[in-house]
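Participant: Pasting in a structure now, in structure tokens, and then I'll have a few things to ask.
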Amino acid sequence: MSNGVYGDEVHMKMLPVVICSLCALAPFSGAATDAPVFPTSAGPVKITPLYHASTLIEAGGKTIYLDPANPAKFSGLPKADLILITDIHGDHMDPDSIKEVSKAGTEILAAPAVVQTVTTAKPIANGETKNWQGWTIEAIPAYNLKRGPSPGKLFHDKGRGNGYVLTYGGTRFYFSGDTEGIPEMRALKNIDVAFVCMNLPYTMPPDEAADAVKAFHPKIVIPYHYKGSDLAVFQKGLEGTGIEVRLLDWYPK
């Protein structure tokens, strides 16, 4: 999380860890360079892990970046039609990377605290919903319950950062942003694919992440923003739940 500073590298092959078969969405495929493609009633959605929280989403001829930030590599990738930013820390809000992926007409939606720095962004606050090019974008709270740099202080204050639920063609994708297993996460409904953070000390450990995921029970969950975390603990915590766990490589060499 913190200001672009990460823990030790975690190198993983992209592989499916199937806890159960999923009836509605296509099975996961492939090698570490692949990006999963999810069918929706409006057409496929391709989601490419770039680095840590940085994510590329492509659907309907449009390109969305979530938290484009150094050291993700953007050379050769399409320019953004929309950029979504979750929080003010450097691994989520990186003006240089935003500039690199932008083109004329790129729109930016961000938590209001981000707009103070990224002044070209339009604010979307916790609880707000906006529509964009066939997508519905819901801003979900993202914050710490107990973890912080010192007593009485939290790494992420309630109301400052966003997670997002992105709906396209009736399929709902959740990106948690920097958060612990907060009540607003646990109360989510009808999530098809959830991207859930886990890293200490800034968000939550894998066992707490698994417990929160069980509460809202997405069809598929994909850990992201997990540097330094033991994903085997997360997988084990979801065994027998009917939730499919997929691992993608968010930390390429």
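Note on naming: chains are A, B, ... as they come in the structure tokens, residues start from 1 per chain, ligands start from 1 in the order shown.
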Which residues are near A:Glu128? Cut-off 12 Å, only C-alpha atoms, ignore same chain within fewer than 6 positions. Put them as a PDB file with all heavy atoms, in the first residue's frame.
Facilitator:
ATOM      1  N   LEU A 109     -12.410   8.998 -12.883  1.00  0.00           N
ATOM      2  CA  LEU A 109     -13.262   9.020 -11.697  1.00  0.00           C
ATOM      3  C   LEU A 109     -12.412   8.595 -10.509  1.00  0.00           C
ATOM      4  O   LEU A 109     -11.640   7.636 -10.607  1.00  0.00           O
ATOM      5  CB  LEU A 109     -14.447   8.062 -11.856  1.00  0.00           C
ATOM      6  CG  LEU A 109     -15.506   8.423 -12.888  1.00  0.00           C
ATOM      7  CD1 LEU A 109     -16.554   7.316 -12.973  1.00  0.00           C
ATOM      8  CD2 LEU A 109     -16.180   9.752 -12.551  1.00  0.00           C
ATOM      9  N   ALA A 110     -12.558   9.287  -9.399  1.00  0.00           N
ATOM     10  CA  ALA A 110     -11.679   9.021  -8.262  1.00  0.00           C
ATOM     11  C   ALA A 110     -12.353   9.432  -6.964  1.00  0.00           C
ATOM     12  O   ALA A 110     -13.273  10.267  -6.946  1.00  0.00           O
ATOM     13  CB  ALA A 110     -10.366   9.776  -8.424  1.00  0.00           C
ATOM     14  N   ALA A 111     -11.862   8.838  -5.890  1.00  0.00           N
ATOM     15  CA  ALA A 111     -12.283   9.274  -4.563  1.00  0.00           C
ATOM     16  C   ALA A 111     -12.010  10.765  -4.415  1.00  0.00           C
ATOM     17  O   ALA A 111     -11.009  11.277  -4.920  1.00  0.00           O
ATOM     18  CB  ALA A 111     -11.525   8.482  -3.503  1.00  0.00           C
ATOM     19  N   PRO A 112     -12.886  11.508  -3.723  1.00  0.00           N
ATOM     20  CA  PRO A 112     -12.699  12.957  -3.604  1.00  0.00           C
ATOM     21  C   PRO A 112     -11.327  13.378  -3.077  1.00  0.00           C
ATOM     22  O   PRO A 112     -10.789  14.402  -3.507  1.00  0.00           O
ATOM     23  CB  PRO A 112     -13.820  13.368  -2.648  1.00  0.00           C
ATOM     24  CG  PRO A 112     -14.908  12.372  -2.917  1.00  0.00           C
ATOM     25  CD  PRO A 112     -14.181  11.079  -3.158  1.00  0.00           C
ATOM     26  N   THR A 136     -21.933   0.317 -15.046  1.00  0.00           N
ATOM     27  CA  THR A 136     -22.400   0.974 -13.829  1.00  0.00           C
ATOM     28  C   THR A 136     -21.272   0.890 -12.807  1.00  0.00           C
ATOM     29  O   THR A 136     -20.726  -0.192 -12.561  1.00  0.00           O
ATOM     30  CB  THR A 136     -23.661   0.288 -13.275  1.00  0.00           C
ATOM     31  OG1 THR A 136     -24.695   0.365 -14.262  1.00  0.00           O
ATOM     32  CG2 THR A 136     -24.132   0.982 -12.010  1.00  0.00           C
ATOM     33  N   ILE A 137     -20.920   2.032 -12.232  1.00  0.00           N
ATOM     34  CA  ILE A 137     -19.773   2.129 -11.330  1.00  0.00           C
ATOM     35  C   ILE A 137     -20.275   2.560  -9.960  1.00  0.00           C
ATOM     36  O   ILE A 137     -20.795   3.666  -9.802  1.00  0.00           O
ATOM     37  CB  ILE A 137     -18.743   3.134 -11.876  1.00  0.00           C
ATOM     38  CG1 ILE A 137     -18.268   2.682 -13.269  1.00  0.00           C
ATOM     39  CG2 ILE A 137     -17.557   3.268 -10.908  1.00  0.00           C
ATOM     40  CD1 ILE A 137     -17.532   3.760 -14.037  1.00  0.00           C
ATOM     41  N   GLU A 138     -20.121   1.687  -8.980  1.00  0.00           N
ATOM     42  CA  GLU A 138     -20.528   1.973  -7.609  1.00  0.00           C
ATOM     43  C   GLU A 138     -19.282   2.138  -6.748  1.00  0.00           C
ATOM     44  O   GLU A 138     -18.394   1.285  -6.772  1.00  0.00           O
ATOM     45  CB  GLU A 138     -21.376   0.832  -7.047  1.00  0.00           C
ATOM     46  CG  GLU A 138     -22.616   0.488  -7.839  1.00  0.00           C
ATOM     47  CD  GLU A 138     -23.242  -0.814  -7.363  1.00  0.00           C
ATOM     48  OE1 GLU A 138     -23.652  -0.877  -6.182  1.00  0.00           O
ATOM     49  OE2 GLU A 138     -23.292  -1.775  -8.168  1.00  0.00           O
ATOM     50  N   ALA A 139     -19.227   3.224  -5.996  1.00  0.00           N
ATOM     51  CA  ALA A 139     -18.103   3.452  -5.079  1.00  0.00           C
ATOM     52  C   ALA A 139     -18.424   2.840  -3.721  1.00  0.00           C
ATOM     53  O   ALA A 139     -19.390   3.223  -3.063  1.00  0.00           O
ATOM     54  CB  ALA A 139     -17.832   4.943  -4.932  1.00  0.00           C
ATOM     55  N   ILE A 140     -17.610   1.877  -3.323  1.00  0.00           N
ATOM     56  CA  ILE A 140     -17.796   1.125  -2.085  1.00  0.00           C
ATOM     57  C   ILE A 140     -16.767   1.604  -1.059  1.00  0.00           C
ATOM     58  O   ILE A 140     -15.600   1.810  -1.408  1.00  0.00           O
ATOM     59  CB  ILE A 140     -17.611  -0.388  -2.347  1.00  0.00           C
ATOM     60  CG1 ILE A 140     -18.481  -0.862  -3.525  1.00  0.00           C
ATOM     61  CG2 ILE A 140     -17.910  -1.200  -1.083  1.00  0.00           C
ATOM     62  CD1 ILE A 140     -19.964  -0.668  -3.327  1.00  0.00           C
ATOM     63  N   PRO A 141     -17.139   1.798   0.195  1.00  0.00           N
ATOM     64  CA  PRO A 141     -16.142   2.197   1.188  1.00  0.00           C
ATOM     65  C   PRO A 141     -14.956   1.231   1.247  1.00  0.00           C
ATOM     66  O   PRO A 141     -15.093   0.024   0.997  1.00  0.00           O
ATOM     67  CB  PRO A 141     -16.928   2.182   2.501  1.00  0.00           C
ATOM     68  CG  PRO A 141     -18.340   2.444   2.093  1.00  0.00           C
ATOM     69  CD  PRO A 141     -18.497   1.735   0.772  1.00  0.00           C
ATOM     70  N   GLY A 159     -14.172   6.740   4.610  1.00  0.00           N
ATOM     71  CA  GLY A 159     -14.663   7.835   3.788  1.00  0.00           C
ATOM     72  C   GLY A 159     -13.648   8.391   2.811  1.00  0.00           C
ATOM     73  O   GLY A 159     -14.008   9.145   1.907  1.00  0.00           O
ATOM     74  N   ASN A 162     -11.982   4.490  -2.004  1.00  0.00           N
ATOM     75  CA  ASN A 162     -13.055   3.723  -2.629  1.00  0.00           C
ATOM     76  C   ASN A 162     -12.606   2.321  -2.998  1.00  0.00           C
ATOM     77  O   ASN A 162     -11.470   2.124  -3.447  1.00  0.00           O
ATOM     78  CB  ASN A 162     -13.496   4.367  -3.951  1.00  0.00           C
ATOM     79  CG  ASN A 162     -14.231   5.665  -3.801  1.00  0.00           C
ATOM     80  OD1 ASN A 162     -14.809   5.947  -2.750  1.00  0.00           O
ATOM     81  ND2 ASN A 162     -14.243   6.463  -4.863  1.00  0.00           N
ATOM     82  N   GLY A 163     -13.491   1.344  -2.842  1.00  0.00           N
ATOM     83  CA  GLY A 163     -13.496   0.163  -3.677  1.00  0.00           C
ATOM     84  C   GLY A 163     -14.514   0.437  -4.779  1.00  0.00           C
ATOM     85  O   GLY A 163     -15.225   1.454  -4.753  1.00  0.00           O
ATOM     86  N   TYR A 164     -14.601  -0.455  -5.750  1.00  0.00           N
ATOM     87  CA  TYR A 164     -15.579  -0.263  -6.826  1.00  0.00           C
ATOM     88  C   TYR A 164     -16.278  -1.577  -7.157  1.00  0.00           C
ATOM     89  O   TYR A 164     -15.634  -2.632  -7.222  1.00  0.00           O
ATOM     90  CB  TYR A 164     -14.902   0.258  -8.100  1.00  0.00           C
ATOM     91  CG  TYR A 164     -14.326   1.645  -7.959  1.00  0.00           C
ATOM     92  CD1 TYR A 164     -12.955   1.845  -7.852  1.00  0.00           C
ATOM     93  CD2 TYR A 164     -15.161   2.764  -7.915  1.00  0.00           C
ATOM     94  CE1 TYR A 164     -12.422   3.113  -7.712  1.00  0.00           C
ATOM     95  CE2 TYR A 164     -14.638   4.040  -7.770  1.00  0.00           C
ATOM     96  CZ  TYR A 164     -13.270   4.211  -7.676  1.00  0.00           C
ATOM     97  OH  TYR A 164     -12.739   5.471  -7.524  1.00  0.00           O
ATOM     98  N   VAL A 165     -17.586  -1.493  -7.368  1.00  0.00           N
ATOM     99  CA  VAL A 165     -18.318  -2.568  -8.024  1.00  0.00           C
ATOM    100  C   VAL A 165     -18.633  -2.082  -9.435  1.00  0.00           C
ATOM    101  O   VAL A 165     -19.320  -1.067  -9.622  1.00  0.00           O
ATOM    102  CB  VAL A 165     -19.605  -2.954  -7.278  1.00  0.00           C
ATOM    103  CG1 VAL A 165     -20.427  -3.929  -8.105  1.00  0.00           C
ATOM    104  CG2 VAL A 165     -19.277  -3.589  -5.930  1.00  0.00           C
TER     105      VAL A 165
END
Participant: Which of stretch 39-170 of chain A counts as alpha helix (DSSP H) under DSSP, as an MDAnalysis selection string please?
Facilitator: chainID A and resid 95:101 112:115
Participant: Could you write out the selected residues, including all heavy atoms, as a PDB file, in the first residue's frame?
Facilitator:
ATOM      1  N   PRO A  95       0.411  10.256 -10.579  1.00  0.00           N
ATOM      2  CA  PRO A  95       0.164  11.191 -11.678  1.00  0.00           C
ATOM      3  C   PRO A  95       0.953  10.880 -12.945  1.00  0.00           C
ATOM      4  O   PRO A  95       0.438  11.075 -14.055  1.00  0.00           O
ATOM      5  CB  PRO A  95       0.563  12.542 -11.078  1.00  0.00           C
ATOM      6  CG  PRO A  95       0.270  12.388  -9.613  1.00  0.00           C
ATOM      7  CD  PRO A  95       0.670  10.965  -9.299  1.00  0.00           C
ATOM      8  N   ASP A  96       2.188  10.414 -12.822  1.00  0.00           N
ATOM      9  CA  ASP A  96       2.978  10.103 -14.018  1.00  0.00           C
ATOM     10  C   ASP A  96       2.361   8.958 -14.810  1.00  0.00           C
ATOM     11  O   ASP A  96       2.291   9.007 -16.046  1.00  0.00           O
ATOM     12  CB  ASP A  96       4.407   9.754 -13.630  1.00  0.00           C
ATOM     13  CG  ASP A  96       5.202  10.962 -13.148  1.00  0.00           C
ATOM     14  OD1 ASP A  96       4.794  12.106 -13.438  1.00  0.00           O
ATOM     15  OD2 ASP A  96       6.229  10.750 -12.473  1.00  0.00           O
ATOM     16  N   SER A  97       1.921   7.909 -14.119  1.00  0.00           N
ATOM     17  CA  SER A  97       1.297   6.792 -14.818  1.00  0.00           C
ATOM     18  C   SER A  97      -0.051   7.186 -15.405  1.00  0.00           C
ATOM     19  O   SER A  97      -0.421   6.740 -16.503  1.00  0.00           O
ATOM     20  CB  SER A  97       1.132   5.598 -13.864  1.00  0.00           C
ATOM     21  OG  SER A  97       2.386   5.079 -13.490  1.00  0.00           O
ATOM     22  N   ILE A  98      -0.799   8.001 -14.677  1.00  0.00           N
ATOM     23  CA  ILE A  98      -2.076   8.495 -15.209  1.00  0.00           C
ATOM     24  C   ILE A  98      -1.844   9.234 -16.516  1.00  0.00           C
ATOM     25  O   ILE A  98      -2.557   9.026 -17.514  1.00  0.00           O
ATOM     26  CB  ILE A  98      -2.768   9.403 -14.174  1.00  0.00           C
ATOM     27  CG1 ILE A  98      -3.224   8.570 -12.976  1.00  0.00           C
ATOM     28  CG2 ILE A  98      -3.948  10.138 -14.803  1.00  0.00           C
ATOM     29  CD1 ILE A  98      -3.666   9.399 -11.787  1.00  0.00           C
ATOM     30  N   LYS A  99      -0.824  10.080 -16.545  1.00  0.00           N
ATOM     31  CA  LYS A  99      -0.490  10.816 -17.766  1.00  0.00           C
ATOM     32  C   LYS A  99      -0.084   9.860 -18.884  1.00  0.00           C
ATOM     33  O   LYS A  99      -0.478  10.046 -20.053  1.00  0.00           O
ATOM     34  CB  LYS A  99       0.635  11.805 -17.481  1.00  0.00           C
ATOM     35  CG  LYS A  99       1.021  12.664 -18.671  1.00  0.00           C
ATOM     36  CD  LYS A  99       2.113  13.662 -18.292  1.00  0.00           C
ATOM     37  CE  LYS A  99       2.507  14.524 -19.485  1.00  0.00           C
ATOM     38  NZ  LYS A  99       3.572  15.507 -19.109  1.00  0.00           N
ATOM     39  N   GLU A 100       0.673   8.824 -18.549  1.00  0.00           N
ATOM     40  CA  GLU A 100       1.160   7.896 -19.571  1.00  0.00           C
ATOM     41  C   GLU A 100       0.036   7.138 -20.255  1.00  0.00           C
ATOM     42  O   GLU A 100       0.096   6.876 -21.456  1.00  0.00           O
ATOM     43  CB  GLU A 100       2.148   6.899 -18.944  1.00  0.00           C
ATOM     44  CG  GLU A 100       2.776   5.957 -19.954  1.00  0.00           C
ATOM     45  CD  GLU A 100       3.823   5.053 -19.348  1.00  0.00           C
ATOM     46  OE1 GLU A 100       4.141   5.198 -18.150  1.00  0.00           O
ATOM     47  OE2 GLU A 100       4.331   4.167 -20.080  1.00  0.00           O
ATOM     48  N   VAL A 101      -0.999   6.753 -19.521  1.00  0.00           N
ATOM     49  CA  VAL A 101      -2.070   5.954 -20.126  1.00  0.00           C
ATOM     50  C   VAL A 101      -3.201   6.812 -20.676  1.00  0.00           C
ATOM     51  O   VAL A 101      -4.123   6.298 -21.303  1.00  0.00           O
ATOM     52  CB  VAL A 101      -2.644   4.916 -19.134  1.00  0.00           C
ATOM     53  CG1 VAL A 101      -1.546   3.991 -18.635  1.00  0.00           C
ATOM     54  CG2 VAL A 101      -3.375   5.577 -17.970  1.00  0.00           C
ATOM     55  N   PRO A 112     -12.886  11.508  -3.723  1.00  0.00           N
ATOM     56  CA  PRO A 112     -12.699  12.957  -3.604  1.00  0.00           C
ATOM     57  C   PRO A 112     -11.327  13.378  -3.077  1.00  0.00           C
ATOM     58  O   PRO A 112     -10.789  14.402  -3.507  1.00  0.00           O
ATOM     59  CB  PRO A 112     -13.820  13.368  -2.648  1.00  0.00           C
ATOM     60  CG  PRO A 112     -14.908  12.372  -2.917  1.00  0.00           C
ATOM     61  CD  PRO A 112     -14.181  11.079  -3.158  1.00  0.00           C
ATOM     62  N   ALA A 113     -10.740  12.612  -2.175  1.00  0.00           N
ATOM     63  CA  ALA A 113      -9.406  12.957  -1.669  1.00  0.00           C
ATOM     64  C   ALA A 113      -8.366  12.922  -2.775  1.00  0.00           C
ATOM     65  O   ALA A 113      -7.381  13.673  -2.735  1.00  0.00           O
ATOM     66  CB  ALA A 113      -9.010  12.008  -0.537  1.00  0.00           C
ATOM     67  N   VAL A 114      -8.572  12.057  -3.763  1.00  0.00           N
ATOM     68  CA  VAL A 114      -7.654  11.964  -4.896  1.00  0.00           C
ATOM     69  C   VAL A 114      -7.767  13.198  -5.781  1.00  0.00           C
ATOM     70  O   VAL A 114      -6.768  13.691  -6.331  1.00  0.00           O
ATOM     71  CB  VAL A 114      -7.944  10.686  -5.707  1.00  0.00           C
ATOM     72  CG1 VAL A 114      -7.167  10.675  -7.021  1.00  0.00           C
ATOM     73  CG2 VAL A 114      -7.621   9.447  -4.885  1.00  0.00           C
ATOM     74  N   VAL A 115      -8.978  13.725  -5.920  1.00  0.00           N
ATOM     75  CA  VAL A 115      -9.221  14.853  -6.821  1.00  0.00           C
ATOM     76  C   VAL A 115      -8.453  16.094  -6.390  1.00  0.00           C
ATOM     77  O   VAL A 115      -8.148  16.969  -7.205  1.00  0.00           O
ATOM     78  CB  VAL A 115     -10.735  15.128  -6.926  1.00  0.00           C
ATOM     79  CG1 VAL A 115     -11.030  16.316  -7.829  1.00  0.00           C
ATOM     80  CG2 VAL A 115     -11.457  13.879  -7.460  1.00  0.00           C
TER      81      VAL A 115
END
Participant: Stretch 77-115 of chain A near stretch 37-60 of chain A within 10 Å: what's each residue's closest atom pair and its distance in Å to one decimal, counting only C-alpha atoms, ordered by chain then ascending residue number, as a tab-separated table?
Facilitator:
residue	atom	partner	partner_atom	distance
A:Leu77	CA	A:Leu56	CA	8.9
A:Pro78	CA	A:Leu56	CA	9.2
A:Ala80	CA	A:Leu56	CA	9.0
A:Asp81	CA	A:Glu58	CA	9.9
A:Leu82	CA	A:Ile57	CA	9.7
A:Ile83	CA	A:Leu56	CA	9.5
A:Leu84	CA	A:Thr55	CA	9.8
A:Ile85	CA	A:Ser54	CA	9.6
A:Thr86	CA	A:Ala53	CA	9.6
A:Asp91	CA	A:Ala53	CA	7.1
A:His92	CA	A:Ala53	CA	6.8
A:Met93	CA	A:Ser54	CA	9.9
Participant: Determine which residues of stretch 24-226 of chain A receive a DSSP assignment of strand (DSSP E), computed from the backbone, and state them as a ChimeraX atom specification.
Facilitator: /A:37-38,45-51,54-59,62-66,82-85,107-110,122-123,129-132,135-142,161-168,171-175,193-197,220-224
Participant: For A:Tyr168, please output as a list in words all residues within 6 Å (counting only C-alpha atoms; exclusion window: fewer than 2 positions along the same chain).
Facilitator: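 Listed by chain and then number, they are Trp135, Gly170 and Thr171 of chain A.
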Participant: Filtering to N, CA and C atoms, could you give me those residues as a PDB file, in the first residue's frame?
Facilitator:
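Saved result, part-v7.pdb, follows:
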ATOM      1  N   TRP A 135     -21.250   0.691 -18.532  1.00  0.00           N
ATOM      2  CA  TRP A 135     -20.849   0.237 -17.203  1.00  0.00           C
ATOM      3  C   TRP A 135     -21.611   1.004 -16.121  1.00  0.00           C
ATOM      4  N   GLY A 170     -24.737  -7.200 -16.924  1.00  0.00           N
ATOM      5  CA  GLY A 170     -25.313  -7.956 -15.822  1.00  0.00           C
ATOM      6  C   GLY A 170     -24.314  -8.678 -14.939  1.00  0.00           C
ATOM      7  N   THR A 171     -23.025  -8.604 -15.257  1.00  0.00           N
ATOM      8  CA  THR A 171     -21.986  -9.262 -14.463  1.00  0.00           C
ATOM      9  C   THR A 171     -21.310  -8.229 -13.568  1.00  0.00           C
TER      10      THR A 171
END
Participant: Select, from A:Pro218, A:Pro205, A:Pro123, A:Pro151, the residue with the minimum atom-to-atom distance to A:Tyr174, counting only C-alpha atoms.
Facilitator: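 Selected residue with least distance to A:Tyr174: A:Pro218.
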